[in-house]
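Visitor: Here it is, the structure in full.
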Amino acid sequence: MGHLLANTEDPIEEAGSSQTAGVLVFVLRYEDLRAADSGVLPPLTQDGDGFEIGRAPEVRPPAFEETRFLLPDRFVSRLHARVVRRGGRDLLEDAGSRLGTFVRGERIHAPVPLADGDLVEIGQSLFVYRIVDATSAVRMIRGGLTFGPTRSLCPEIMRLALDLGQLARTVEPILLLAETGAGKEIAARYVHEKSGRAGPFVAIDCGAIPEHLVEGELFGHRRGAFSGAHEERKGRIRSAEGGTVFLDEIGNLPGSAQASLLRAIQEREVTPVGADQGQKVDVRWIAATNADVFSETSGFRADLRARLAGYVAELPPLRERREDLGFLVAHLLGRAGAERASITPTAARALFGGDLPGNVRELERALGTAVVLMGDGPIDLPHLSALRARTAREKKAPSVEPPVPEASDEERRNKKRPPKETIEAALFRSKGSQGEAARQLGVHERQLARWMDALGIPRLRKGSAGG
Ligand SMILES: Nc1ncnc2c1ncn2[C@@H]1O[C@H](COP(=O)(O)OP(=O)(O)OP(=O)(O)O)[C@@H](O)[C@H]1O
């Protein structure tokens with residue numbers, strides 16, 4: 001095993017910041033989704049460098065020890081997998097583990113070069129491999145950055161958080177582009193919180209207000225401005241005085257309101273419906289939309305688009321930032337009221353390995369329902385029916401049988417006998433080879449023979465193929 005840069009402060013800064021690095025991110029463990037113990041394994045810089053992944057001898061947070069990343073996961077073998085740098089690429093190989101190593105849902109039988117975004121499953125622990133620039137790698141190793149209610153290990157989000165943090169103190173309008181549910185409002189609130197502005201954060205969903213009410217709603221109206229206007233109304237924009245206006249789904253704003261909004265931004269004043277004079281207003285503008293509706297051909301006023309796009313921030317969809325799933329899942333489960341939660345490998349593959357078109361909101365809904373349905377057991381596929389797709393069959397579930405956990409160290413020491421079914425399952429899987437079954441159960445063959453006698457399981461000849 002080559003040189004490992006596990007404990008260096010800035011492992012790749014020496015290599016120059018223009019370099020890229022491959023980092024393996026430990027995302028979450030299926031057995032404890034609330035642990036939020038994600039972490040980043042240091043990048044390998046030289047050919048021949050490498051590290052191993054194996055089971056931690058006791059329950060404790062996942063950690064690097066010398067050349068091994070130790071996971072408190074019963075389904076991980078003592079020495080499970082290895083990552084080695086060869087020919088400028090990181091190769092993942094199974095180290096003879098009992099339950100196998102999976103890349104993109106397929107069990108690997110030879111060293112596999114890892115590619116950006118690859119999902120890796122080791123035991124019941126999920127990893128994501130990312131190829132990132134040197135600065136991002138250092139930030140990731142240091143634990144990522146806080147973005148809204150959670151931490152992020154995603155290079156694109158970290159970059160965005162830093163930019164938004166710096167822009168927050170200015171009054172530069174910000175335009176957020178992202179798919180639905182990807183966290184546009186979270187980003188807008190983040191800017192508001194960092195802005196130090198004393199006024200409120202006012203979110204306006206431009207797509208949810210009936211067209212004939214939009215102007216009154218946004219800019220307010222004078223008393224008697226139209227029938228039914230019995231009282232003067234301030235409007236949403238002026239109610240954000242000294243704070244931030246967040247215009248969500250700006251692409252849905254009707255044409256006439258677009259013209260008034262342009263004036264409001266340019267002149268820093270709004271004219272209530274029925275008024276002949278504008279009123280000064282001090283607000284910070286943040287607009288958000290799905291990128292498609294804000295394109296050149298969308299019919300949206302180009303001058304307003306230019307005004308709003310002081311800084312354009314693109315939020316990556318969740319499927320491109322799976323390294324954040326650990327923090328997000330732990331947070332969303334907490335919000336859904338789950339103190340503890342686990343998930344079956346099949347359900348995990350469907351949920352975390354799918355496309356997640358509805359992004360964080362879809363994840364939130366899926367977990368919220370699952371928490372209600374799961375009872376005392378793990379989250380399983382039927383609890384995720386709202387996802388309406390991505391079943392185990394589609395995803396070609398890598399393991400058919402539920403895996404049997406490795407014997408814990410305590411069980412080994414005390415030679416505690418596992419249940420009969422566990423022993424029979426191990427014998428079945430090892431095709432009757434007692435030696436192999438004993439290895440799987442983590443005990444000596446003689447111990448297995450004693451257990452078999454005690455449980456009345458007939459002994460088999462060494463290596464014979466059971467049927
Ligand atoms: N980084 C995050 N940490 C925790 N929760 C998040 C994060 N990003 C998004 N969420 C949650 O996901 C849901 C959707 O987020 P948000 O409303 O910000 O998305 P959006 O892009 O504005 O959605 P829409 O396109 O529907 O307006 C919210 O409940 C939000 O709390």
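Labeling convention for the structure tokens: chains A, B, ... as they appear, residues from 1 per chain, ligands from 1 in order of appearance.
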Can you tell me which residues sit at most 6 Å away from ligand 1, counting only C-alpha atoms and all ligand atoms, written as a list in words?

Guide: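 Counting only what the definition allows, namely only C-alpha atoms and all ligand atoms, the set is Phe147, Gly148, Pro149, Thr150, Thr180, Gly181, Ala182, Gly183, Lys184, Glu185, Ile186, Leu328, Val360 and Arg361 of chain A.
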
Visitor: Please identify which residues in range 81-201 of chain A DSSP calls alpha helix (DSSP H) from the backbone, and express them as a PyMOL selection string.

Guide: chain A and resi 134-141+155-167+184-195

Visitor: So that I can check the surroundings of Asp376 in chain A, please list as a list in words every protein, DNA and RNA residue that reaches within 12 Å of it, counting only C-alpha atoms and ignoring chain neighbours fewer than 2 positions away.

Guide: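 Skipping anything fewer than 2 positions along the chain leaves Ala338, Glu339, Arg340, Ala341, Ser342, Ile343, Ala370, Val371, Val372, Leu373, Met374, Pro378, Ile379 and Asp380 of chain A.
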
Visitor: With only C-alpha atoms as the counted atoms, please give the residues lying no more than 6 Å from range 20-31 of chain A, apart from itself and same-chain residues fewer than 4 positions off, as a list in words.

Guide: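 Near neighbours after the sequence-gap exclusion: Ser38, Gly39, Val40, Leu41, Pro43, Gln124, Ser125, Leu126, Phe127, Val128, Tyr129, Arg130, Ile131, Val132, Asp133, Ala134, Glu323, Gly326, Ser342 and Ile343 of chain A.
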
Visitor: DSSP on the backbone: which residues in range 34-108 of chain A end up as strand (DSSP E or B)? Give the answer as a PyMOL selection string.

Guide: chain A and resi 39-41+50-55+63-65+68-71+81-86+89-94+101-103+106-107

Visitor: Skipping near chain neighbours, those fewer than 4 positions away, what residues fall within 6 Å of Glu93 in chain A using only C-alpha atoms, listed as a PyMOL selection string?

Guide: chain A and resi 81-82+111

Visitor: A:Pro316, A:Thr344, A:Glu211, A:Arg284: which is nearest Pro382 in chain A, counting only C-alpha atoms?

Guide: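 Closest to Pro382 in chain A of all the choices is A:Thr344.
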
Visitor: So how far away is CA of Leu427 in chain A from CA of Glu445 in chain A, in Å?

Guide: 11.7 Å

Visitor: Which polymer residues have any atom within 9 Å of an atom of range 264-275 of chain A, counting only C-alpha atoms, with same-chain residues fewer than 6 positions away left out, as a PDB file with N, CA and C atoms, in the first residue's frame?

Guide:
```pdb
ATOM      1  N   GLU A 215     -50.913  43.546  -9.637  1.00  0.00           N
ATOM      2  CA  GLU A 215     -50.359  44.879  -9.364  1.00  0.00           C
ATOM      3  C   GLU A 215     -50.754  45.391  -7.980  1.00  0.00           C
ATOM      4  N   GLY A 216     -52.022  45.194  -7.619  1.00  0.00           N
ATOM      5  CA  GLY A 216     -52.477  45.633  -6.292  1.00  0.00           C
ATOM      6  C   GLY A 216     -51.731  44.876  -5.197  1.00  0.00           C
ATOM      7  N   LEU A 218     -48.750  43.453  -5.357  1.00  0.00           N
ATOM      8  CA  LEU A 218     -47.331  43.827  -5.285  1.00  0.00           C
ATOM      9  C   LEU A 218     -47.122  45.273  -4.836  1.00  0.00           C
ATOM     10  N   PHE A 219     -47.843  46.178  -5.494  1.00  0.00           N
ATOM     11  CA  PHE A 219     -47.537  47.606  -5.285  1.00  0.00           C
ATOM     12  C   PHE A 219     -48.527  48.303  -4.344  1.00  0.00           C
ATOM     13  N   GLY A 220     -49.565  47.614  -3.932  1.00  0.00           N
ATOM     14  CA  GLY A 220     -50.562  48.214  -3.050  1.00  0.00           C
ATOM     15  C   GLY A 220     -51.567  49.035  -3.843  1.00  0.00           C
ATOM     16  N   HIS A 221     -52.547  49.613  -3.141  1.00  0.00           N
ATOM     17  CA  HIS A 221     -53.519  50.456  -3.827  1.00  0.00           C
ATOM     18  C   HIS A 221     -54.036  51.537  -2.886  1.00  0.00           C
ATOM     19  N   ARG A 222     -54.535  52.592  -3.498  1.00  0.00           N
ATOM     20  CA  ARG A 222     -55.146  53.674  -2.715  1.00  0.00           C
ATOM     21  C   ARG A 222     -56.573  53.280  -2.385  1.00  0.00           C
ATOM     22  N   ARG A 223     -57.090  53.873  -1.359  1.00  0.00           N
ATOM     23  CA  ARG A 223     -58.498  53.647  -1.019  1.00  0.00           C
ATOM     24  C   ARG A 223     -59.375  54.113  -2.177  1.00  0.00           C
ATOM     25  N   GLY A 224     -60.297  53.295  -2.595  1.00  0.00           N
ATOM     26  CA  GLY A 224     -61.213  53.650  -3.681  1.00  0.00           C
ATOM     27  C   GLY A 224     -60.601  53.535  -5.066  1.00  0.00           C
ATOM     28  N   ALA A 225     -59.407  52.946  -5.147  1.00  0.00           N
ATOM     29  CA  ALA A 225     -58.737  52.823  -6.447  1.00  0.00           C
ATOM     30  C   ALA A 225     -59.563  51.988  -7.414  1.00  0.00           C
ATOM     31  N   PHE A 226     -60.278  51.043  -6.888  1.00  0.00           N
ATOM     32  CA  PHE A 226     -61.182  50.234  -7.707  1.00  0.00           C
ATOM     33  C   PHE A 226     -62.300  49.738  -6.808  1.00  0.00           C
ATOM     34  N   ARG A 233     -53.975  49.957   0.819  1.00  0.00           N
ATOM     35  CA  ARG A 233     -53.150  48.766   1.063  1.00  0.00           C
ATOM     36  C   ARG A 233     -51.708  49.040   0.668  1.00  0.00           C
ATOM     37  N   LYS A 234     -50.792  48.605   1.495  1.00  0.00           N
ATOM     38  CA  LYS A 234     -49.368  48.882   1.308  1.00  0.00           C
ATOM     39  C   LYS A 234     -48.775  48.087   0.148  1.00  0.00           C
ATOM     40  N   GLY A 235     -49.223  46.874  -0.017  1.00  0.00           N
ATOM     41  CA  GLY A 235     -48.639  46.000  -1.030  1.00  0.00           C
ATOM     42  C   GLY A 235     -47.445  45.231  -0.481  1.00  0.00           C
ATOM     43  N   ILE A 237     -44.463  44.617  -1.682  1.00  0.00           N
ATOM     44  CA  ILE A 237     -43.102  45.157  -1.829  1.00  0.00           C
ATOM     45  C   ILE A 237     -42.800  46.158  -0.712  1.00  0.00           C
ATOM     46  N   ARG A 238     -43.744  47.063  -0.459  1.00  0.00           N
ATOM     47  CA  ARG A 238     -43.477  48.034   0.604  1.00  0.00           C
ATOM     48  C   ARG A 238     -43.481  47.394   1.989  1.00  0.00           C
ATOM     49  N   VAL A 281     -38.949  53.188  -1.843  1.00  0.00           N
ATOM     50  CA  VAL A 281     -38.871  51.909  -1.144  1.00  0.00           C
ATOM     51  C   VAL A 281     -37.427  51.414  -1.170  1.00  0.00           C
ATOM     52  N   ASP A 282     -36.994  50.881  -0.025  1.00  0.00           N
ATOM     53  CA  ASP A 282     -35.624  50.349   0.062  1.00  0.00           C
ATOM     54  C   ASP A 282     -35.699  48.836   0.267  1.00  0.00           C
ATOM     55  N   VAL A 283     -35.557  48.094  -0.810  1.00  0.00           N
ATOM     56  CA  VAL A 283     -35.579  46.625  -0.685  1.00  0.00           C
ATOM     57  C   VAL A 283     -34.451  46.008  -1.513  1.00  0.00           C
ATOM     58  N   TRP A 285     -33.672  42.957  -4.064  1.00  0.00           N
ATOM     59  CA  TRP A 285     -34.446  42.101  -4.958  1.00  0.00           C
ATOM     60  C   TRP A 285     -33.765  40.763  -5.194  1.00  0.00           C
ATOM     61  N   LEU A 304     -36.096  43.866 -18.079  1.00  0.00           N
ATOM     62  CA  LEU A 304     -36.324  43.463 -16.690  1.00  0.00           C
ATOM     63  C   LEU A 304     -35.384  42.303 -16.319  1.00  0.00           C
ATOM     64  N   ARG A 307     -32.090  43.655 -15.530  1.00  0.00           N
ATOM     65  CA  ARG A 307     -32.093  44.339 -14.233  1.00  0.00           C
ATOM     66  C   ARG A 307     -32.000  43.335 -13.072  1.00  0.00           C
ATOM     67  N   LEU A 308     -32.759  42.276 -13.216  1.00  0.00           N
ATOM     68  CA  LEU A 308     -32.818  41.292 -12.119  1.00  0.00           C
ATOM     69  C   LEU A 308     -31.540  40.458 -12.023  1.00  0.00           C
TER      70      LEU A 308
END
```

Visitor: Taking into account only C-alpha atoms, which residue in the set A:Arg417, A:Phe69, A:Pro173, A:Thr422 is nearest to Ala306 in chain A?

Guide: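 Closest to Ala306 in chain A of all the choices is A:Pro173.
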
Visitor: Could you pull the residues within 9 Å of Gly207 in chain A, counting only C-alpha atoms, minus those fewer than 3 positions along the same chain, as a ChimeraX atom specification?

Guide: /A:204,210-211,248-253

Visitor: Can you work out which one of A:Ala56, A:Leu176, A:Leu153, A:Ala188 has the shortest atom-to-atom distance to Ala288 in chain A, counting only C-alpha atoms?

Guide: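 The closest residue to Ala288 in chain A is A:Leu176.
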
Visitor: Which one is closest to Arg89 in chain A: A:Phe352, A:Gly117, A:Val59, A:Thr45? Count only C-alpha atoms.

Guide: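 Checking each of A:Phe352, A:Gly117, A:Val59, A:Thr45 against Arg89 in chain A, counting only C-alpha atoms, the winner is A:Thr45.
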